[in-house]
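Data file: protein.csv. Format and content: CSV, C-alpha atoms.
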```csv
chain,number,residue,atom,x,y,z
M,1,MET,CA,-56.0,24.4,-39.6
M,2,LYS,CA,-56.6,24.9,-35.8
M,3,THR,CA,-56.6,21.1,-35.4
M,4,LEU,CA,-53.1,20.9,-36.9
M,5,ILE,CA,-51.7,23.6,-34.6
M,6,TYR,CA,-52.5,21.7,-31.4
M,7,PRO,CA,-50.6,18.5,-32.3
M,8,VAL,CA,-47.6,20.5,-33.5
M,9,THR,CA,-47.6,22.5,-30.3
M,10,ALA,CA,-47.9,19.4,-28.2
M,11,ILE,CA,-45.0,17.8,-30.1
M,12,LEU,CA,-42.8,20.9,-29.6
M,13,ALA,CA,-43.7,21.0,-25.9
M,14,LEU,CA,-42.8,17.4,-25.6
M,15,ILE,CA,-39.4,17.9,-27.3
M,16,THR,CA,-38.7,21.0,-25.2
M,17,SER,CA,-39.6,19.2,-22.0
M,18,LEU,CA,-37.4,16.2,-22.9
M,19,THR,CA,-34.5,18.5,-23.8
M,20,LEU,CA,-34.9,20.4,-20.5
M,21,ALA,CA,-35.2,17.1,-18.5
M,22,GLY,CA,-31.9,15.9,-20.0
M,23,CYS,CA,-30.2,19.1,-19.0
M,24,SER,CA,-31.7,19.2,-15.6
M,25,SER,CA,-30.3,16.0,-14.2
M,26,LYS,CA,-27.7,16.3,-11.4
M,27,PRO,CA,-24.2,17.0,-12.9
M,28,VAL,CA,-22.6,13.9,-11.4
M,29,ASP,CA,-19.8,13.6,-13.9
M,30,GLU,CA,-19.0,17.3,-13.7
M,31,LEU,CA,-18.9,17.1,-9.9
M,32,LYS,CA,-16.5,14.1,-10.1
M,33,MET,CA,-14.3,15.9,-12.6
M,34,ALA,CA,-14.1,19.0,-10.4
M,35,ARG,CA,-13.4,16.9,-7.3
M,36,ILE,CA,-10.5,15.1,-9.1
M,37,ALA,CA,-9.1,18.4,-10.4
M,38,MET,CA,-9.3,19.8,-6.8
M,39,GLU,CA,-7.5,16.8,-5.4
M,40,GLN,CA,-4.7,17.1,-8.0
M,41,ALA,CA,-4.3,20.8,-7.1
M,42,GLN,CA,-4.2,19.9,-3.4
M,43,GLU,CA,-1.5,17.4,-4.1
M,44,VAL,CA,0.9,20.1,-5.4
M,45,GLU,CA,-0.2,22.5,-2.6
M,46,ALA,CA,-1.8,24.9,-5.0
M,47,GLU,CA,-3.4,26.7,-2.0
M,48,GLU,CA,0.1,27.8,-0.9
M,49,TYR,CA,1.9,28.1,-4.3
M,50,ALA,CA,-1.0,29.4,-6.5
M,51,PRO,CA,-3.3,31.0,-4.0
M,52,GLN,CA,-5.2,33.3,-6.4
M,53,GLU,CA,-6.1,30.5,-8.8
M,54,TRP,CA,-6.9,28.2,-5.9
M,55,ASP,CA,-9.3,30.8,-4.3
M,56,ARG,CA,-11.0,31.3,-7.7
M,57,ALA,CA,-11.5,27.6,-8.1
M,58,GLN,CA,-12.8,27.2,-4.6
M,59,MET,CA,-15.3,30.0,-5.1
M,60,GLN,CA,-16.5,28.3,-8.3
M,61,TRP,CA,-16.7,25.0,-6.5
M,62,GLU,CA,-18.8,26.4,-3.7
M,63,GLU,CA,-21.0,28.3,-6.1
M,64,ALA,CA,-21.6,25.1,-8.2
M,65,ASN,CA,-22.5,23.2,-5.1
M,66,GLY,CA,-24.9,25.9,-4.1
M,67,LEU,CA,-26.5,25.7,-7.5
M,68,VAL,CA,-26.8,21.9,-7.2
M,69,GLN,CA,-28.5,22.2,-3.9
M,70,MET,CA,-31.0,24.7,-5.4
M,71,GLY,CA,-31.7,22.3,-8.3
M,72,ARG,CA,-30.2,24.6,-10.9
M,73,TYR,CA,-28.2,21.8,-12.6
M,74,GLY,CA,-27.6,23.5,-16.0
M,75,GLU,CA,-26.0,26.5,-14.3
M,76,ALA,CA,-24.1,24.2,-12.0
M,77,ARG,CA,-22.6,22.3,-14.9
M,78,GLU,CA,-21.3,25.5,-16.4
M,79,VAL,CA,-19.7,26.7,-13.2
M,80,LEU,CA,-18.3,23.2,-12.5
M,81,THR,CA,-16.6,23.3,-15.9
M,82,LEU,CA,-15.1,26.6,-15.0
M,83,ALA,CA,-14.0,25.2,-11.6
M,84,VAL,CA,-12.2,22.3,-13.3
M,85,GLY,CA,-10.3,24.8,-15.5
M,86,SER,CA,-9.4,26.9,-12.5
M,87,PHE,CA,-8.3,23.9,-10.4
M,88,ASN,CA,-6.1,22.8,-13.3
M,89,THR,CA,-4.6,26.2,-13.7
M,90,ALA,CA,-3.9,26.4,-10.0
M,91,ARG,CA,-2.2,22.9,-10.2
M,92,ASP,CA,-0.1,23.9,-13.2
M,93,ASN,CA,0.9,27.3,-11.8
M,94,ALA,CA,1.8,25.7,-8.4
M,95,LYS,CA,4.0,23.1,-10.2
M,96,ARG,CA,5.8,25.9,-12.1
M,97,ARG,CA,6.2,28.0,-9.0
M,98,VAL,CA,7.7,25.1,-7.0
M,99,GLU,CA,10.2,24.4,-9.8
M,100,SER,CA,11.2,28.0,-9.9
M,101,LEU,CA,11.6,28.1,-6.1
M,102,LYS,CA,13.8,25.0,-6.3
M,103,ILE,CA,16.1,26.7,-8.8
M,104,GLU,CA,16.2,29.8,-6.7
M,105,ILE,CA,17.0,27.9,-3.5
M,106,THR,CA,19.8,26.0,-5.2
M,107,ALA,CA,21.3,29.3,-6.3
M,108,LEU,CA,20.9,30.7,-2.7
M,109,GLN,CA,22.5,27.6,-1.2
M,110,SER,CA,25.5,28.0,-3.5
M,111,SER,CA,25.9,31.8,-2.9
M,112,THR,CA,25.4,31.6,0.8
M,113,TYR,CA,28.0,28.8,1.2
M,114,LYS,CA,30.5,30.7,-0.8
M,115,GLY,CA,29.7,34.0,1.0
M,116,LYS,CA,30.0,32.4,4.4
M,117,LYS,CA,33.3,30.8,3.5
M,118,ASP,CA,34.6,34.2,2.3
M,119,LEU,CA,33.5,35.8,5.5
M,120,GLU,CA,35.2,33.1,7.6
M,121,GLN,CA,38.4,33.7,5.7
M,122,ALA,CA,38.1,37.5,6.2
M,123,ALA,CA,37.6,37.0,9.9
M,124,GLU,CA,40.8,35.1,10.1
M,125,SER,CA,42.8,37.5,8.0
M,126,PRO,CA,45.2,39.9,9.7
M,127,LYS,CA,44.3,42.6,7.1
M,128,THR,CA,40.7,42.8,8.4
M,129,LYS,CA,40.1,45.6,10.8
M,130,PRO,CA,39.2,44.5,14.4
M,131,ALA,CA,35.7,46.2,14.4
M,132,VAL,CA,34.7,44.5,11.1
M,133,LYS,CA,36.2,41.2,12.3
M,134,LYS,CA,34.1,41.4,15.5
M,135,LYS,CA,31.0,42.2,13.5
M,136,ILE,CA,31.6,39.2,11.2
M,137,GLU,CA,32.3,36.8,14.1
M,138,GLY,CA,29.0,38.0,15.7
M,139,ALA,CA,27.0,37.4,12.5
M,140,LEU,CA,28.5,34.1,11.5
M,141,PRO,CA,26.3,32.0,13.9
M,142,LEU,CA,23.2,33.8,12.7
M,143,ILE,CA,24.2,33.2,9.1
M,144,THR,CA,24.9,29.5,9.8
M,145,GLU,CA,21.5,29.2,11.5
M,146,LYS,CA,19.7,30.8,8.5
M,147,ILE,CA,21.5,28.4,6.1
M,148,THR,CA,20.5,25.5,8.3
M,149,VAL,CA,16.9,26.6,8.4
M,150,MET,CA,17.0,27.0,4.6
M,151,ASN,CA,18.4,23.5,4.1
M,152,THR,CA,16.0,21.9,6.6
M,153,ALA,CA,13.0,23.6,5.0
M,154,ASN,CA,14.1,22.7,1.6
M,155,ASP,CA,14.4,19.0,2.6
M,156,ALA,CA,10.9,19.2,4.1
M,157,LYS,CA,9.6,20.7,0.8
M,158,GLN,CA,8.7,24.0,2.5
M,159,TYR,CA,10.1,26.0,-0.4
M,160,LEU,CA,8.8,29.4,0.6
M,161,ARG,CA,10.3,29.1,4.0
M,162,ALA,CA,13.6,27.9,2.6
M,163,ARG,CA,13.8,30.8,0.2
M,164,THR,CA,13.0,33.3,2.9
M,165,ALA,CA,15.8,31.9,5.2
M,166,GLY,CA,18.2,31.8,2.3
M,167,GLU,CA,17.4,35.4,1.4
M,168,GLU,CA,18.0,36.5,5.0
M,169,ALA,CA,21.3,34.8,5.1
M,170,SER,CA,22.3,36.4,1.8
M,171,ARG,CA,21.3,39.9,3.0
M,172,TRP,CA,23.5,39.4,6.1
M,173,ILE,CA,26.4,38.2,4.0
M,174,GLN,CA,26.1,41.1,1.5
M,175,GLY,CA,26.0,43.6,4.3
M,176,LEU,CA,29.1,42.3,5.9
M,177,GLN,CA,30.9,42.1,2.5
M,178,LYS,CA,30.0,45.8,2.0
M,179,ASP,CA,31.5,46.5,5.4
M,180,LEU,CA,34.7,44.6,4.4
M,181,THR,CA,35.0,46.6,1.2
M,182,ALA,CA,34.4,49.9,2.9
M,183,SER,CA,37.1,49.1,5.6
M,184,SER,CA,39.7,48.2,3.0
```
When written as C-alpha cells, how does the structure in this file appear?
Amino acid sequence: MKTLIYPVTAILALITSLTLAGCSSKPVDELKMARIAMEQAQEVEAEEYAPQEWDRAQMQWEEANGLVQMGRYGEAREVLTLAVGSFNTARDNAKRRVESLKIEITALQSSTYKGKKDLEQAAESPKTKPAVKKKIEGALPLITEKITVMNTANDAKQYLRARTAGEEASRWIQGLQKDLTASS
C-alpha cells in the first residue's frame, strides 16, 4: 500500500507544479489590455473629467506593476483585470461628463447672449435709472470678456474652463437684472 502512495503523491505534485507554473508566467496579455485601456482613458482626458476613477485605475496599475516586479504574477493578473475595468469606467464617465458639459455650455451661451443683449437695451433705455445704467455700462466689458473666454475655451475643448467662464458671466448678468428689477 505504501508503494502506491508514493506514485500518487508524485503525480499530484507534478500536476500541482504544472498548474502553478501555468499561473505564474508573466501576465503579458493583461499588461497589454491594461495599457490599451489606459490609453483610451487618456484620449478622453479621464484624468480631468473622471479624476476619482482615473486615480483608482492608476493605483491598481502601479500595484500590478509592483506585483509583476516581485514575481507575483497571479496576484498581478487579478489587479490588472481590476485596472482594466477601472480605466474603462474612467473612460466612460469622462465621455459622459464631457457630453454633459457641452450641453451645459450651449445653454450658458444662449442665456448669456440673451442676457447681455437685454442689458445693452436696458443701458440705452431712458427708463433706466442713471446709477443702474452706469453699473451696467461698467459691467458689460467684463461680461463680454467672460463670454469670449467661454467661447474660446469651448472651441479649444477646455470644457471645465468654458463652463466656469459662462457661469461667471451668467452671475454678473443675473445680478444686474436684479438691480434693474429693484430700480423699477
Distance criterion (all atoms listed in the file): nearest to Arg163 in chain M out of M:Glu48, M:Glu104, M:Glu124, M:Glu145 |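 Smallest distance to Arg163 in chain M is found for M:Glu104.
In this model, the gap between CA of Ala64 in chain M and CA of Tyr49 in chain M comes to 24.0 Å.
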Find the distance between CA of Ala34 in chain M and CA of Val84 in chain M and write it in Å to one decimal.
-> 4.8 Å
If you count all atoms listed in the file, the residue of M:Ala46, M:Ser25, M:Arg35, M:Gln40 closest to Arg96 in chain M turns out to be M:Ala46
Residue contacts of Glu137 in chain M (12 Å, all atoms listed in the file) excluding same-chain residues fewer than 2 positions away, as a ChimeraX atom specification | /M:116,119-124,128,130-135,139-144,173,176
Do you have, as CSV, the list of residues of range 62-129 of chain M lying at most 9 Å from range 146-149 of chain M, each with its nearest atom pair and that distance in Å to one decimal, counting all atoms listed in the file and ordered by chain then number?
```
residue,atom,partner,partner_atom,distance
M:Gln109,CA,M:Ile147,CA,7.4
M:Thr112,CA,M:Ile147,CA,7.3
M:Tyr113,CA,M:Ile147,CA,8.1
```
Using only C-alpha atoms, find the one residue out of M:Gln52, M:Thr152, M:Thr81, M:Gln69 that sits nearest to Lys32 in chain M.
->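 Closest candidate: M:Thr81.
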Separation of CA of Glu53 in chain M and CA of Gly166 in chain M, in Å?
->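 These two atoms are separated by 26.7 Å.
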